[in-house]
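Dumped model09.cif below, it's mmCIF, C-alpha atoms:
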data_upload
#
loop_
_atom_site.group_PDB
_atom_site.id
_atom_site.type_symbol
_atom_site.label_atom_id
_atom_site.label_comp_id
_atom_site.auth_asym_id
_atom_site.auth_seq_id
_atom_site.Cartn_x
_atom_site.Cartn_y
_atom_site.Cartn_z
ATOM 1 C CA MET A 25 -7.539 -1.985 -20.711
ATOM 2 C CA THR A 26 -3.755 -1.844 -20.849
ATOM 3 C CA SER A 27 -1.128 0.701 -19.969
ATOM 4 C CA ASP A 28 -0.062 3.178 -22.670
ATOM 5 C CA PHE A 29 3.457 3.201 -21.263
ATOM 6 C CA PRO A 30 6.110 0.757 -22.475
ATOM 7 C CA ALA A 31 7.004 -2.127 -20.228
ATOM 8 C CA PRO A 32 10.133 -1.577 -18.112
ATOM 9 C CA PRO A 33 13.332 -3.317 -19.104
ATOM 10 C CA ALA A 34 13.454 -6.980 -18.160
ATOM 11 C CA GLU A 35 14.751 -7.298 -14.644
ATOM 12 C CA THR A 36 14.486 -9.541 -11.648
ATOM 13 C CA SER A 37 10.948 -10.137 -10.429
ATOM 14 C CA LEU A 38 10.076 -8.714 -7.060
ATOM 15 C CA SER A 39 9.552 -12.163 -5.561
ATOM 16 C CA THR A 40 13.014 -13.221 -6.719
ATOM 17 C CA ALA A 41 14.542 -10.047 -5.299
ATOM 18 C CA LEU A 42 12.958 -10.729 -1.917
ATOM 19 C CA ALA A 43 14.669 -14.091 -1.764
ATOM 20 C CA SER A 44 18.086 -12.461 -1.950
ATOM 21 C CA GLY A 45 17.759 -9.350 0.204
ATOM 22 C CA ALA A 46 15.772 -6.366 1.387
ATOM 23 C CA VAL A 47 13.768 -4.142 -0.954
ATOM 24 C CA VAL A 48 12.964 -0.510 -0.106
ATOM 25 C CA LEU A 49 9.360 0.670 -0.294
ATOM 26 C CA ASP A 50 8.302 4.267 -0.696
ATOM 27 C CA GLY A 51 6.672 6.417 2.008
ATOM 28 C CA GLY A 52 3.325 8.112 2.436
ATOM 29 C CA MET A 53 1.696 9.445 -0.727
ATOM 30 C CA SER A 54 -0.586 11.896 1.075
ATOM 31 C CA ASN A 55 2.121 13.620 3.094
ATOM 32 C CA GLN A 56 4.285 14.012 -0.012
ATOM 33 C CA LEU A 57 1.401 15.577 -1.920
ATOM 34 C CA GLU A 58 0.515 17.846 0.999
ATOM 35 C CA SER A 59 4.131 18.974 1.319
ATOM 36 C CA ALA A 60 3.913 20.017 -2.333
ATOM 37 C CA GLY A 61 0.919 22.207 -1.478
ATOM 38 C CA HIS A 62 -1.996 20.025 -2.548
ATOM 39 C CA ASP A 63 -5.249 20.063 -0.559
ATOM 40 C CA LEU A 64 -6.382 16.521 0.324
ATOM 41 C CA SER A 65 -9.323 17.446 2.570
ATOM 42 C CA ASP A 66 -11.702 15.323 0.550
ATOM 43 C CA GLU A 67 -13.257 11.875 0.909
ATOM 44 C CA LEU A 68 -11.270 10.696 -2.103
ATOM 45 C CA TRP A 69 -8.039 11.843 -0.424
ATOM 46 C CA SER A 70 -5.069 11.556 -2.800
ATOM 47 C CA ALA A 71 -7.228 9.684 -5.342
ATOM 48 C CA ARG A 72 -8.897 13.026 -6.184
ATOM 49 C CA LEU A 73 -5.701 14.149 -7.879
ATOM 50 C CA LEU A 74 -5.937 11.269 -10.342
ATOM 51 C CA ALA A 75 -8.652 13.290 -12.069
ATOM 52 C CA GLU A 76 -7.499 16.797 -11.271
ATOM 53 C CA GLN A 77 -3.674 16.861 -11.111
ATOM 54 C CA PRO A 78 -2.201 13.527 -12.209
ATOM 55 C CA ASP A 79 1.243 15.029 -12.820
ATOM 56 C CA ALA A 80 1.472 15.747 -9.091
ATOM 57 C CA ILE A 81 1.180 12.015 -8.391
ATOM 58 C CA THR A 82 3.937 11.194 -10.871
ATOM 59 C CA GLU A 83 6.166 13.787 -9.187
ATOM 60 C CA ALA A 84 5.481 12.262 -5.768
ATOM 61 C CA HIS A 85 6.407 8.776 -7.000
ATOM 62 C CA LEU A 86 9.551 10.138 -8.623
ATOM 63 C CA ALA A 87 10.627 11.821 -5.394
ATOM 64 C CA TYR A 88 10.562 8.475 -3.634
ATOM 65 C CA PHE A 89 12.402 6.671 -6.423
ATOM 66 C CA GLU A 90 15.082 9.357 -6.307
ATOM 67 C CA ALA A 91 15.272 8.932 -2.516
ATOM 68 C CA GLY A 92 16.175 5.270 -2.988
ATOM 69 C CA ALA A 93 12.834 3.446 -3.026
ATOM 70 C CA ASN A 94 12.595 0.374 -5.228
ATOM 71 C CA VAL A 95 8.799 0.157 -5.086
ATOM 72 C CA ALA A 96 6.178 2.824 -5.741
ATOM 73 C CA ILE A 97 2.748 2.157 -4.237
ATOM 74 C CA THR A 98 0.027 3.650 -6.417
ATOM 75 C CA SER A 99 -2.473 6.316 -5.402
ATOM 76 C CA SER A 100 -5.412 3.904 -5.711
ATOM 77 C CA TYR A 101 -5.764 3.151 -1.978
ATOM 78 C CA GLN A 102 -8.981 5.163 -1.717
ATOM 79 C CA ALA A 103 -9.970 4.818 -5.382
ATOM 80 C CA THR A 104 -13.099 2.695 -5.772
ATOM 81 C CA PHE A 105 -16.047 2.622 -8.142
ATOM 82 C CA GLU A 106 -18.339 3.417 -5.209
ATOM 83 C CA GLY A 107 -16.202 6.291 -3.964
ATOM 84 C CA PHE A 108 -15.948 7.857 -7.401
ATOM 85 C CA ALA A 109 -19.701 7.427 -7.908
ATOM 86 C CA LYS A 110 -20.327 9.628 -4.867
ATOM 87 C CA ARG A 111 -18.538 12.381 -6.802
ATOM 88 C CA GLY A 112 -20.593 11.815 -9.939
ATOM 89 C CA ILE A 113 -17.849 9.895 -11.740
ATOM 90 C CA GLY A 114 -19.267 7.057 -13.833
ATOM 91 C CA HIS A 115 -18.015 3.493 -14.099
ATOM 92 C CA ASP A 116 -15.955 3.911 -17.271
ATOM 93 C CA GLU A 117 -14.204 7.038 -16.061
ATOM 94 C CA ALA A 118 -13.572 5.444 -12.669
ATOM 95 C CA ALA A 119 -11.980 2.465 -14.410
ATOM 96 C CA ARG A 120 -9.783 4.828 -16.418
ATOM 97 C CA LEU A 121 -8.652 6.586 -13.240
ATOM 98 C CA LEU A 122 -7.873 3.292 -11.517
ATOM 99 C CA ALA A 123 -5.718 2.230 -14.462
ATOM 100 C CA LEU A 124 -4.142 5.677 -14.542
ATOM 101 C CA SER A 125 -2.916 5.234 -10.983
ATOM 102 C CA VAL A 126 -0.718 2.380 -12.194
ATOM 103 C CA GLU A 127 0.339 4.201 -15.354
ATOM 104 C CA LEU A 128 1.490 7.254 -13.389
ATOM 105 C CA ALA A 129 3.761 5.121 -11.203
ATOM 106 C CA GLN A 130 5.073 3.382 -14.320
ATOM 107 C CA GLU A 131 5.773 6.784 -15.862
ATOM 108 C CA ALA A 132 7.664 7.842 -12.731
ATOM 109 C CA ALA A 133 9.784 4.700 -13.008
ATOM 110 C CA ARG A 134 10.504 5.524 -16.647
ATOM 111 C CA GLN A 135 11.529 9.062 -15.743
ATOM 112 C CA ALA A 136 13.732 7.718 -12.953
ATOM 113 C CA ARG A 137 15.503 5.395 -15.379
ATOM 114 C CA ASP A 138 15.920 8.256 -17.852
ATOM 115 C CA LYS A 139 17.664 10.188 -15.076
ATOM 116 C CA GLY A 140 20.098 7.338 -14.631
ATOM 117 C CA LEU A 141 18.728 5.579 -11.549
ATOM 118 C CA ALA A 142 20.192 2.106 -11.738
ATOM 119 C CA HIS A 143 18.460 0.323 -8.863
ATOM 120 C CA PRO A 144 15.502 -1.968 -9.721
ATOM 121 C CA LEU A 145 12.079 -0.295 -9.767
ATOM 122 C CA TRP A 146 8.678 -1.903 -9.351
ATOM 123 C CA VAL A 147 5.062 -0.703 -9.156
ATOM 124 C CA ALA A 148 2.632 -1.950 -6.506
ATOM 125 C CA ALA A 149 -1.071 -1.325 -7.147
ATOM 126 C CA SER A 150 -2.600 -0.238 -3.858
ATOM 127 C CA VAL A 151 -5.838 -1.908 -2.815
ATOM 128 C CA GLY A 152 -7.169 -0.361 0.372
ATOM 129 C CA PRO A 153 -9.837 -1.895 2.609
ATOM 130 C CA TYR A 154 -13.582 -1.374 2.333
ATOM 131 C CA GLY A 155 -13.353 1.126 5.189
ATOM 132 C CA ALA A 156 -11.161 3.448 3.093
ATOM 133 C CA MET A 157 -14.098 3.955 0.731
ATOM 134 C CA LEU A 158 -16.311 4.920 3.684
ATOM 135 C CA ALA A 159 -13.797 7.654 4.611
ATOM 136 C CA ASP A 160 -14.857 7.594 8.252
ATOM 137 C CA GLY A 161 -11.851 5.941 9.868
ATOM 138 C CA SER A 162 -13.418 2.475 9.836
ATOM 139 C CA GLU A 163 -10.345 1.044 8.122
ATOM 140 C CA TYR A 164 -8.847 1.270 11.615
ATOM 141 C CA ARG A 165 -11.694 -0.774 13.092
ATOM 142 C CA GLY A 166 -12.925 -3.321 10.537
ATOM 143 C CA ARG A 167 -16.078 -5.275 11.361
ATOM 144 C CA TYR A 168 -18.207 -3.555 8.722
ATOM 145 C CA GLY A 169 -21.153 -5.929 9.041
ATOM 146 C CA LEU A 170 -20.456 -7.446 5.613
ATOM 147 C CA SER A 171 -19.828 -11.102 4.812
ATOM 148 C CA VAL A 172 -16.634 -12.403 3.229
ATOM 149 C CA GLU A 173 -18.601 -12.954 0.010
ATOM 150 C CA GLU A 174 -19.872 -9.358 0.003
ATOM 151 C CA LEU A 175 -16.388 -8.004 0.563
ATOM 152 C CA GLU A 176 -15.027 -10.174 -2.242
ATOM 153 C CA ARG A 177 -17.651 -8.772 -4.612
ATOM 154 C CA PHE A 178 -16.657 -5.248 -3.587
ATOM 155 C CA HIS A 179 -12.938 -5.749 -4.218
ATOM 156 C CA ARG A 180 -12.876 -7.948 -7.326
ATOM 157 C CA PRO A 181 -13.957 -5.389 -9.996
ATOM 158 C CA ARG A 182 -11.249 -2.846 -9.204
ATOM 159 C CA LEU A 183 -8.654 -5.597 -8.831
ATOM 160 C CA GLU A 184 -9.513 -6.689 -12.372
ATOM 161 C CA VAL A 185 -9.039 -3.144 -13.679
ATOM 162 C CA LEU A 186 -5.771 -2.682 -11.806
ATOM 163 C CA ALA A 187 -4.482 -6.062 -13.017
ATOM 164 C CA ALA A 188 -5.142 -5.066 -16.638
ATOM 165 C CA ALA A 189 -2.832 -2.061 -16.146
ATOM 166 C CA ALA A 190 0.031 -4.522 -15.483
ATOM 167 C CA PRO A 191 1.459 -3.607 -12.071
ATOM 168 C CA ASP A 192 4.250 -5.769 -10.744
ATOM 169 C CA VAL A 193 2.354 -6.626 -7.570
ATOM 170 C CA PHE A 194 -0.820 -5.832 -5.647
ATOM 171 C CA ALA A 195 -0.438 -4.104 -2.284
ATOM 172 C CA LEU A 196 -3.418 -5.424 -0.289
ATOM 173 C CA GLU A 197 -2.797 -2.932 2.457
ATOM 174 C CA THR A 198 -4.046 -1.493 5.734
ATOM 175 C CA VAL A 199 -6.374 -4.471 6.125
ATOM 176 C CA PRO A 200 -7.983 -4.232 9.587
ATOM 177 C CA ASP A 201 -9.842 -7.521 9.675
ATOM 178 C CA ALA A 202 -8.994 -11.159 8.930
ATOM 179 C CA ASP A 203 -12.402 -11.591 7.288
ATOM 180 C CA GLU A 204 -11.526 -8.888 4.779
ATOM 181 C CA ALA A 205 -8.118 -10.487 4.236
ATOM 182 C CA GLU A 206 -9.876 -13.736 3.355
ATOM 183 C CA ALA A 207 -12.068 -11.839 0.875
ATOM 184 C CA LEU A 208 -9.064 -10.162 -0.724
ATOM 185 C CA LEU A 209 -7.175 -13.429 -1.030
ATOM 186 C CA ARG A 210 -10.172 -14.888 -2.855
ATOM 187 C CA ALA A 211 -10.503 -11.801 -5.044
ATOM 188 C CA VAL A 212 -6.918 -11.887 -6.373
ATOM 189 C CA ARG A 213 -7.104 -15.476 -7.544
ATOM 190 C CA GLY A 214 -6.643 -15.975 -11.253
ATOM 191 C CA LEU A 215 -5.628 -12.393 -12.031
ATOM 192 C CA GLY A 216 -2.011 -13.245 -12.774
ATOM 193 C CA VAL A 217 -0.566 -10.597 -10.444
ATOM 194 C CA PRO A 218 1.288 -11.504 -7.227
ATOM 195 C CA ALA A 219 0.319 -9.726 -4.024
ATOM 196 C CA TRP A 220 1.459 -8.791 -0.604
ATOM 197 C CA LEU A 221 -1.017 -8.793 2.285
ATOM 198 C CA SER A 222 -0.490 -6.164 4.942
ATOM 199 C CA TYR A 223 -2.588 -5.716 8.077
ATOM 200 C CA SER A 224 -3.088 -2.611 10.152
ATOM 201 C CA VAL A 225 -2.509 -3.719 13.727
ATOM 202 C CA ALA A 226 -2.560 -2.569 17.316
ATOM 203 C CA GLY A 227 -0.343 -4.552 19.630
ATOM 204 C CA GLY A 228 -0.498 -8.246 18.798
ATOM 205 C CA ARG A 229 -3.889 -8.140 17.092
ATOM 206 C CA THR A 230 -5.576 -6.857 13.977
ATOM 207 C CA ARG A 231 -7.570 -3.661 14.372
ATOM 208 C CA ALA A 232 -10.681 -5.862 14.499
ATOM 209 C CA GLY A 233 -9.165 -7.771 17.419
ATOM 210 C CA GLN A 234 -8.063 -11.077 15.862
ATOM 211 C CA PRO A 235 -4.750 -12.624 16.989
ATOM 212 C CA LEU A 236 -2.047 -11.970 14.418
ATOM 213 C CA ASP A 237 -0.950 -15.590 14.154
ATOM 214 C CA GLU A 238 -4.460 -16.528 13.000
ATOM 215 C CA ALA A 239 -4.668 -13.544 10.653
ATOM 216 C CA PHE A 240 -1.295 -14.221 9.012
ATOM 217 C CA ALA A 241 -2.059 -17.940 8.659
ATOM 218 C CA LEU A 242 -4.689 -17.121 6.031
ATOM 219 C CA ALA A 243 -1.910 -16.190 3.596
ATOM 220 C CA ALA A 244 0.404 -19.103 4.352
ATOM 221 C CA GLU A 245 -0.929 -21.341 1.577
ATOM 222 C CA SER A 246 -1.834 -18.626 -0.922
ATOM 223 C CA ASP A 247 0.251 -18.973 -4.069
ATOM 224 C CA GLU A 248 -0.515 -15.371 -5.025
ATOM 225 C CA VAL A 249 0.970 -13.904 -1.826
ATOM 226 C CA ILE A 250 4.700 -13.212 -2.010
ATOM 227 C CA ALA A 251 4.920 -11.323 1.305
ATOM 228 C CA VAL A 252 2.796 -10.741 4.377
ATOM 229 C CA GLY A 253 3.097 -8.217 7.185
ATOM 230 C CA VAL A 254 1.890 -4.903 8.579
ATOM 231 C CA ASN A 255 1.546 -1.249 7.625
ATOM 232 C CA CYS A 256 -0.103 1.949 8.840
ATOM 233 C CA CYS A 257 0.667 1.050 12.445
ATOM 234 C CA ALA A 258 2.933 2.382 15.164
ATOM 235 C CA PRO A 259 6.634 1.568 14.687
ATOM 236 C CA GLU A 260 6.596 -0.014 18.134
ATOM 237 C CA ASP A 261 4.155 -2.688 16.940
ATOM 238 C CA VAL A 262 6.299 -3.832 14.028
ATOM 239 C CA GLU A 263 9.013 -6.089 15.456
ATOM 240 C CA ALA A 264 6.721 -8.596 17.164
ATOM 241 C CA ALA A 265 4.448 -8.668 14.118
ATOM 242 C CA VAL A 266 7.384 -9.380 11.805
ATOM 243 C CA THR A 267 8.483 -12.301 13.948
ATOM 244 C CA THR A 268 4.967 -13.723 13.995
ATOM 245 C CA ALA A 269 4.413 -13.293 10.249
ATOM 246 C CA ALA A 270 7.704 -14.997 9.391
ATOM 247 C CA ARG A 271 7.059 -17.878 11.786
ATOM 248 C CA VAL A 272 3.472 -18.520 10.727
ATOM 249 C CA THR A 273 3.794 -18.152 6.952
ATOM 250 C CA GLY A 274 7.427 -18.831 6.087
ATOM 251 C CA LYS A 275 7.129 -15.988 3.565
ATOM 252 C CA PRO A 276 9.101 -12.744 3.286
ATOM 253 C CA VAL A 277 7.651 -10.044 5.505
ATOM 254 C CA VAL A 278 6.513 -6.572 4.434
ATOM 255 C CA VAL A 279 6.567 -3.665 6.908
ATOM 256 C CA TYR A 280 5.841 0.016 6.434
ATOM 257 C CA PRO A 281 4.588 1.706 9.584
ATOM 258 C CA ASN A 282 3.467 5.271 10.140
ATOM 259 C CA SER A 283 5.754 7.848 11.678
ATOM 260 C CA GLY A 284 4.351 7.085 15.135
ATOM 261 C CA GLU A 285 1.931 10.003 15.134
ATOM 262 C CA VAL A 286 -1.761 9.163 15.626
ATOM 263 C CA TRP A 287 -4.544 9.927 13.118
ATOM 264 C CA ASP A 288 -7.659 11.632 14.499
ATOM 265 C CA ALA A 289 -10.372 10.615 11.993
ATOM 266 C CA GLN A 290 -12.900 13.171 13.261
ATOM 267 C CA ALA A 291 -10.482 16.098 13.171
ATOM 268 C CA ARG A 292 -8.733 14.685 10.077
ATOM 269 C CA ALA A 293 -5.376 15.553 11.627
ATOM 270 C CA TRP A 294 -2.250 13.860 13.002
ATOM 271 C CA ASN A 295 -1.343 14.199 16.675
ATOM 272 C CA GLY A 296 1.722 13.308 18.723
ATOM 273 C CA ARG A 297 5.345 12.958 17.683
ATOM 274 C CA SER A 298 7.330 10.785 15.325
ATOM 275 C CA THR A 299 8.936 7.655 16.782
ATOM 276 C CA PHE A 300 10.120 6.214 13.462
ATOM 277 C CA THR A 301 13.889 5.838 12.998
ATOM 278 C CA ALA A 302 15.854 4.232 10.195
ATOM 279 C CA GLU A 303 17.842 2.189 12.716
ATOM 280 C CA GLN A 304 14.698 0.222 13.585
ATOM 281 C CA VAL A 305 14.715 -1.349 10.137
ATOM 282 C CA LEU A 306 17.802 -3.404 10.964
ATOM 283 C CA LYS A 307 15.912 -5.212 13.737
ATOM 284 C CA TRP A 308 12.969 -5.717 11.414
ATOM 285 C CA ARG A 309 15.213 -7.169 8.734
ATOM 286 C CA GLU A 310 16.857 -9.494 11.226
ATOM 287 C CA SER A 311 13.380 -10.755 12.179
ATOM 288 C CA GLY A 312 12.435 -11.524 8.567
ATOM 289 C CA ALA A 313 11.354 -8.244 6.973
ATOM 290 C CA ARG A 314 12.301 -7.967 3.291
ATOM 291 C CA LEU A 315 9.986 -5.220 1.982
ATOM 292 C CA ILE A 316 10.663 -2.205 4.202
ATOM 293 C CA GLY A 317 9.426 1.361 3.967
ATOM 294 C CA GLY A 318 7.075 3.848 5.560
ATOM 295 C CA CYS A 319 3.414 4.776 5.473
ATOM 296 C CA CYS A 320 1.680 7.945 6.653
ATOM 297 C CA ARG A 321 3.958 10.859 7.603
ATOM 298 C CA VAL A 322 7.086 9.060 6.400
ATOM 299 C CA GLY A 323 8.578 11.097 3.555
ATOM 300 C CA PRO A 324 11.457 10.905 1.054
ATOM 301 C CA GLU A 325 14.072 11.942 3.608
ATOM 302 C CA ALA A 326 13.149 9.018 5.862
ATOM 303 C CA VAL A 327 13.024 6.627 2.901
ATOM 304 C CA ALA A 328 16.494 7.784 1.865
ATOM 305 C CA SER A 329 17.695 7.049 5.385
ATOM 306 C CA ILE A 330 16.136 3.566 5.233
ATOM 307 C CA ALA A 331 17.864 2.896 1.899
ATOM 308 C CA ARG A 332 21.235 4.059 3.254
ATOM 309 C CA THR A 333 20.830 1.987 6.415
ATOM 310 C CA LEU A 334 19.989 -1.208 4.542
ATOM 311 C CA THR A 335 22.740 -0.663 1.970
ATOM 312 C CA SER A 336 25.423 0.031 4.558
ATOM 313 C CA ALA A 337 24.395 -3.008 6.569
#
Starting from the coordinates I provided, produce the structure as structure tokens.
Amino acid sequence: MTSDFPAPPAETSLSTALASGAVVLDGGMSNQLESAGHDLSDELWSARLLAEQPDAITEAHLAYFEAGANVAITSSYQATFEGFAKRGIGHDEAARLLALSVELAQEAARQARDKGLAHPLWVAASVGPYGAMLADGSEYRGRYGLSVEELERFHRPRLEVLAAAAPDVFALETVPDADEAEALLRAVRGLGVPAWLSYSVAGGRTRAGQPLDEAFALAAESDEVIAVGVNCCAPEDVEAAVTTAARVTGKPVVVYPNSGEVWDAQARAWNGRSTFTAEQVLKWRESGARLIGGCCRVGPEAVASIARTLTSA
């Protein structure tokens, strides 16, 4: 399976760009879709719109590109064969929807270029953790009771489909557990697509409780991994994690925290207040961060502020 959209113009690879400076990531897909009036109260979350309203996803990606993002992360975080099967969607259609998630981001990049956006644009195929498929908040806990081999078998089929759609990079994101990170690093081998590995953390540990230096070390020798870091965490947890990731791996660091509000999985609602500010990104960059953006509850306005802050600095 390949994308129906033409390849973007030849430009610097993302890994090369990271060697020379900071690259701006997009923000949260779900909050952008919700702000446009879409109901995401479903186990498939934003992945439901792949089947029902794909144009809405393209519009969300475009909003972030226009805000100054260089990288669009696809809406495939919660898109899995198992999750689609629960909704009566068969294997072939699920594969089509997974590929479509990449194609929609590629289409948004094409539209952005047609509008005259000159900054480089890349597409990152989101690969969420096993817990995202369960839709019960376990991606913030890990420890699913599955072996590394079982987790690798879960992830590999959709990685193969996503790779065939030709994204620029995999976003192995919101990983709560070093065991699952090991499985993902095995699963991406041989697919010909670079990846970043991004943990969800609390304090100085993964959500499953492993020390971050041990968790990051798994990616240090992986040729596929072009960046390692954290996402979907509190902004306050980022700076120490960036320092640790840079020290342990020697690779560029990726960071895209939440707004600072806290997700209540049972109520399916966000509580608290935002603590995310664009000024924080300068400290993160000084510590080694090169891929910088936002996750849940961080929208185009905040991404625009990040882009301005990094450009002016």
(request) For CA of Trp220 in chain A and CA of Ile113 in chain A, quote the distance in Å rounded to one decimal. (result)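 Atom-to-atom, CA of Trp220 in chain A and CA of Ile113 in chain A are spaced 29.1 Å apart.
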(request) Please check which residues have atoms at most 12 Å from (-11.7, -3.7, 21.9) in the file's coordinates, counting all atoms listed in the file, and write them as a ChimeraX atom specification. (result) /A:164-167,226-227,229-234
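Against this structure, the PyMOL selection byres ((chain A and resi 213) around 12) ends up with Glu176, His179, Arg180, Leu183, Glu184, Ala187, Phe194, Glu206, Ala207, Leu208, Leu209, Arg210, Ala211, Val212, Gly214, Leu215, Gly216, Val217, Pro218, Ala219, Ser246, Asp247, Glu248 and Val249 of chain A.
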(request) Quick one: pull the distance between CA of Lys275 in chain A and CA of Ile250 in chain A, Å, one decimal. (result)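 Distance reported for this atom pair: 6.7 Å.
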(message) So, with all atoms listed in the file as the atoms that count, which of A:Ile330, A:Cys256, A:Val305, A:Ala71 lies closest to Thr98 in chain A?
(response) A:Ala71
